[in-house]
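One structure is given here, and the rest of the page talks about it.
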Amino acid sequence: MAKKPNKKTQTPPAQAKNKTRAAPAKKNIPANWLLIIILVAVAAAGFIAFYPCLHNGLTTWDDEGYITNNFDIRDWSLHGLKYLFSSYAMGNYHPITMLSYAIEYHFNALNPYIFHRDSVLLHILTSLAVTIFTWLLTRNLNITAFCGILFVIHPMHVESVAWASGRKDVLFGLFYFLALIAWYYYCSAKKNKGAYYALCILLFLLSLLSKGVAVTLPVSCLLVDYYLKRPLKLNLLLEKIPMFLLSFAFGVISIKAQDSAGAIQKTPYSIFDRLLYASHNFLAYIWKSILPVNLSNFYIYPAKTNGSFPIDWYIAPVVLIALLYVVYRFARKNRAIIFGFLFFASAIFLVLQLLPVGDAIIAERYSYLSYFGLFFIGGSVYANVMKGVPSWVKPFKTIIPFILIVYGIYLTVLSRERCLVWKDTLTLWMDEMEKQPLDPQSYNNVASEYKAQGKYDEALPLLNKSIALNPNFANPYSSRGEIYTMQKKYPLALADLNKAISLNPNRGRSYLGRAILYGSMGKIDSAGADFKKAVQMEPYLPELYYNLGIYEDLVGNYDSAVASYSKAIILQPTMIDAYFNRGLAYLKHNDIDAGIKDFDVVLQINPQSAPAYLDRSAAWNSKKEYKKALDDALMAQQLGYNVDTNYIKGLQQLAGQ
């Protein structure tokens, strides 16, 4: 009989001991290190996806009201900061968002790079918070990586990041997910629960002060309770009473803010129409989370043909009901799917246009928070697949990660391309014009850019197209009237501007256009009346104060002219014409030194300005600084300006040359 081997000699004691010590490391250390790697990957992916927007400028779409022409963010006094927290901005109450703009302006003025850099950083921080929150909930690296990466690179989030006015999304999203992390610790901790609860409330308040749609946080906390299997007792609701009270208060404030700007539409849409909109929008957001193509910054309401919508709008409620049935029938016992679906539904519900707000039927920025729920479902499905559940996916386990990597690269490329669309106002609205050819606003906005560049022949056909698409849209009439004024077609200009004012009597720019027209026609009193109306309606419009300065100068009110030019300069520090005209007004007011300082600024901005050299020469001449006056006159002549030779000869004699 063969002798049994001695088991003690099979494995040396030292090796056995080493194996025993190594086991815990395999269970604990890799997960911690992998989580750190995932966080680094999320940050890197966000930087790669959104790097192009660091080179973008500011647009004229809301950026003017929030940043470029917003005097409120430039007042760093205690009174100014108090005003940010006690007033609405562009139909919204989000003082923390406005404070972020104020801080950026205080240290960097209107440098677009700073605004975009900070938005990218805030988005990356929000994505890291999403990653950590997912890890705390699931302790699953696959779900964590899936949610974090997809959240940070998704093209539907570009609008919130690349648009400077989208700052409220990345700010409220950051505080929102930090509040959920605090809530998780409140639910899980055995000590310091009160501290975690207080921290959650504080972060919730900061989120509300960044954007009003954060009112859904109490519902999200209930969903966290459900996912963590907290016992369903009365205290689950009682502990959230302070949250619901905050949500109610800020909900009322948000409605009042929107209504103050006329954003809550008194529309002819019936309840049935709104149900169609809500059903379609719900499905559209889900579809775009999977295949985010044909993205646009503005989605118009569908047009009815013979009183009917396109057939797919009537199919949408049926599809939605079928989807809800499938979720209930097959996934009601799957906590991950129910949690993710209800998170998405509760976050998107307020912006499905059951109560129409604004002119767009959907908006990509509305997906910023809600998409976490869909990504959570996707991550949970992926985690199960990697476990071989269901069994038929086992043969595909090895290729699915590669498919997801390719999909991630695809989404990153789409996001980078979308960032380039937000480069400036013209690229933004030209893309909209291509994607939404029935949107009158896109034609008007592209035309406005051409008008600002003096390309009137290119602007007019676009304005005509905008009016043809919507004859009740006031803005293109106003812009076309301004072009006709520049072309000295005064009867046509007056007809268009009157039409614009009749369609929208609360639009200050139309009164400004008509005031300029009246001034050109010599109707000084009428111009003055329209200037007053324009100032009341749009008190932060730099071109308004510039033209008002011209008017005051024309009627001989030099003090008022200086004040108006100064206001224009405060609102737009690079407005060279305002400096130039204020310099002339100072000379008329016999404030020679102030006039010279303004001409100095003009020449710093544009060293080729011959008129500035000549007018500064006149200022030096009045101060008997004949050498400086001569040098400036000769420079103006050198730049091609027709300078009176007798004036130069006189200066040469006075300067002793």
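If you're wondering about the labels, chains in the structure tokens are A, B, ... by order shown, residues count from 1 in each chain, ligands from 1 in order shown.
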
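For Phe339 in chain A, the set of protein, DNA and RNA residues having any atom at most 8 Å away, when counting only C-alpha atoms and skipping those fewer than 5 positions along the same chain, is Leu223, Val224, Tyr226, Tyr227 and Gly373 of chain A.
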
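Using only C-alpha atoms, the contacts of Ala452 in chain A at a cut-off of 12 Å, with sequence neighbours closer than 2 positions omitted, comprise A:Thr60, A:Thr425, A:Leu426, A:Asn445, A:Val446, A:Ala447, A:Ser448, A:Glu449, A:Tyr450, A:Gly454, A:Lys455, A:Tyr456, A:Glu458, A:Ala459, A:Ser479, A:Glu482, A:Ile483, A:Met486, A:Glu543.
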
Just the residues within 12 Å of Pro505 in chain A, please, counting only C-alpha atoms, with nothing from its chain fewer than 6 positions along; format it as a PyMOL selection string.
chain A and resi 474-475+478+497-499+511+530+533-534+537

Show which residues sit within 12 Å of Lys489 in chain A, as a ChimeraX atom specification. Count only C-alpha atoms, and ignore same-chain residues fewer than 6 positions away.
/A:480-483,495-496,517,520-521

Exercise: Leu122 in chain A partners within 6 Å, only C-alpha atoms, chain neighbours under 3 positions left out, as number ranges by chain
A: 119, 125, 170

Take the residues from that selection and write them out as a tab-separated table (two decimals), in the first residue's frame, keeping N, CA, C and O atoms.
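What follows is the written file part.tsv:
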```tsv
chain	number	residue	atom	x	y	z
A	119	SER	N	-17.38	76.88	-14.29
A	119	SER	CA	-18.51	75.98	-14.58
A	119	SER	C	-18.03	74.55	-14.82
A	119	SER	O	-18.65	73.59	-14.36
A	125	LEU	N	-16.88	68.60	-9.99
A	125	LEU	CA	-17.12	68.38	-8.56
A	125	LEU	C	-18.48	67.72	-8.34
A	125	LEU	O	-18.62	66.82	-7.50
A	170	VAL	N	-25.13	73.52	-12.41
A	170	VAL	CA	-23.99	72.83	-11.80
A	170	VAL	C	-23.86	73.17	-10.32
A	170	VAL	O	-23.39	72.35	-9.53
```

Spatial neighbours of range 92-104 of chain A, 6 Å, only C-alpha atoms, chain gap at least 5 places, as a compact mmCIF listing (two decimals) with all heavy atoms, in the first residue's frame:
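Below is the file that was written, part23.txt:
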```
# COMPACT_ATOMS: atom_id res chain seq x y z
N ILE A 73 -24.01 92.47 -10.25
CA ILE A 73 -22.88 91.63 -9.84
C ILE A 73 -21.60 92.44 -9.70
O ILE A 73 -20.56 91.90 -9.30
CB ILE A 73 -22.66 90.46 -10.83
CG1 ILE A 73 -22.19 90.99 -12.19
CG2 ILE A 73 -23.90 89.61 -10.97
CD1 ILE A 73 -21.72 89.90 -13.14
N LEU A 84 -28.50 91.11 -3.95
CA LEU A 84 -28.48 89.84 -4.66
C LEU A 84 -29.40 88.83 -3.99
O LEU A 84 -30.01 87.98 -4.66
CB LEU A 84 -27.06 89.27 -4.72
CG LEU A 84 -26.04 90.00 -5.59
CD1 LEU A 84 -24.69 89.30 -5.52
CD2 LEU A 84 -26.51 90.10 -7.03
N PHE A 85 -29.50 88.91 -2.65
CA PHE A 85 -30.31 87.94 -1.91
C PHE A 85 -31.75 88.40 -1.71
O PHE A 85 -32.54 87.67 -1.10
CB PHE A 85 -29.67 87.66 -0.55
CG PHE A 85 -28.51 86.70 -0.62
CD1 PHE A 85 -27.24 87.16 -0.95
CD2 PHE A 85 -28.68 85.36 -0.38
CE1 PHE A 85 -26.17 86.29 -1.04
CE2 PHE A 85 -27.62 84.47 -0.45
CZ PHE A 85 -26.36 84.93 -0.79
N LYS A 168 -26.41 77.90 -12.72
CA LYS A 168 -27.33 77.48 -11.66
C LYS A 168 -27.48 75.96 -11.62
O LYS A 168 -27.72 75.38 -10.54
CB LYS A 168 -28.70 78.14 -11.84
CG LYS A 168 -29.28 78.07 -13.24
CD LYS A 168 -30.52 78.93 -13.35
CE LYS A 168 -31.05 78.99 -14.77
NZ LYS A 168 -30.17 79.78 -15.66
N LEU A 209 -31.07 77.91 -2.98
CA LEU A 209 -30.63 79.27 -3.28
C LEU A 209 -29.82 79.34 -4.57
O LEU A 209 -29.51 80.43 -5.05
CB LEU A 209 -29.78 79.82 -2.12
CG LEU A 209 -30.55 80.10 -0.82
CD1 LEU A 209 -29.58 80.38 0.32
CD2 LEU A 209 -31.51 81.28 -1.00
N SER A 210 -29.50 78.18 -5.12
CA SER A 210 -28.80 78.12 -6.40
C SER A 210 -29.76 77.92 -7.56
O SER A 210 -29.55 78.44 -8.65
CB SER A 210 -27.77 76.99 -6.40
OG SER A 210 -26.81 77.18 -5.39
N LYS A 211 -30.83 77.16 -7.32
CA LYS A 211 -31.88 76.97 -8.32
C LYS A 211 -33.10 76.36 -7.64
O LYS A 211 -32.98 75.40 -6.88
CB LYS A 211 -31.41 76.07 -9.46
CG LYS A 211 -32.38 76.01 -10.64
CD LYS A 211 -31.83 75.23 -11.81
CE LYS A 211 -32.81 75.26 -12.98
NZ LYS A 211 -32.31 74.53 -14.16
N ALA A 257 -41.24 84.48 -9.05
CA ALA A 257 -40.12 84.99 -9.85
C ALA A 257 -40.38 84.77 -11.33
O ALA A 257 -40.16 85.68 -12.15
CB ALA A 257 -38.82 84.30 -9.42
```

For Phe375 in chain A, please output as a PyMOL selection string all residues within 10 Å (counting only C-alpha atoms; exclusion window: fewer than 2 positions along the same chain).
chain A and resi 143-144+146-151+289-290+340-341+344+370-373+377-381

Find, counting only C-alpha atoms, the residue in A:Phe175, A:Tyr197, A:Tyr366, A:Tyr490 that gets nearest to Ser160 in chain A.
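Once distances to Ser160 in chain A are computed over only C-alpha atoms, the minimum belongs to A:Tyr366.
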
Figure out the distance between CA of Asn557 in chain A and CA of Ala515 in chain A, please, to one decimal in Å.
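These two atoms are separated by 16.9 Å.
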
What separation in Å, quoted to one decimal, exists between CA of Ile321 in chain A and CA of Leu283 in chain A?
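Going from CA of Ile321 in chain A over to CA of Leu283 in chain A covers 10.8 Å.
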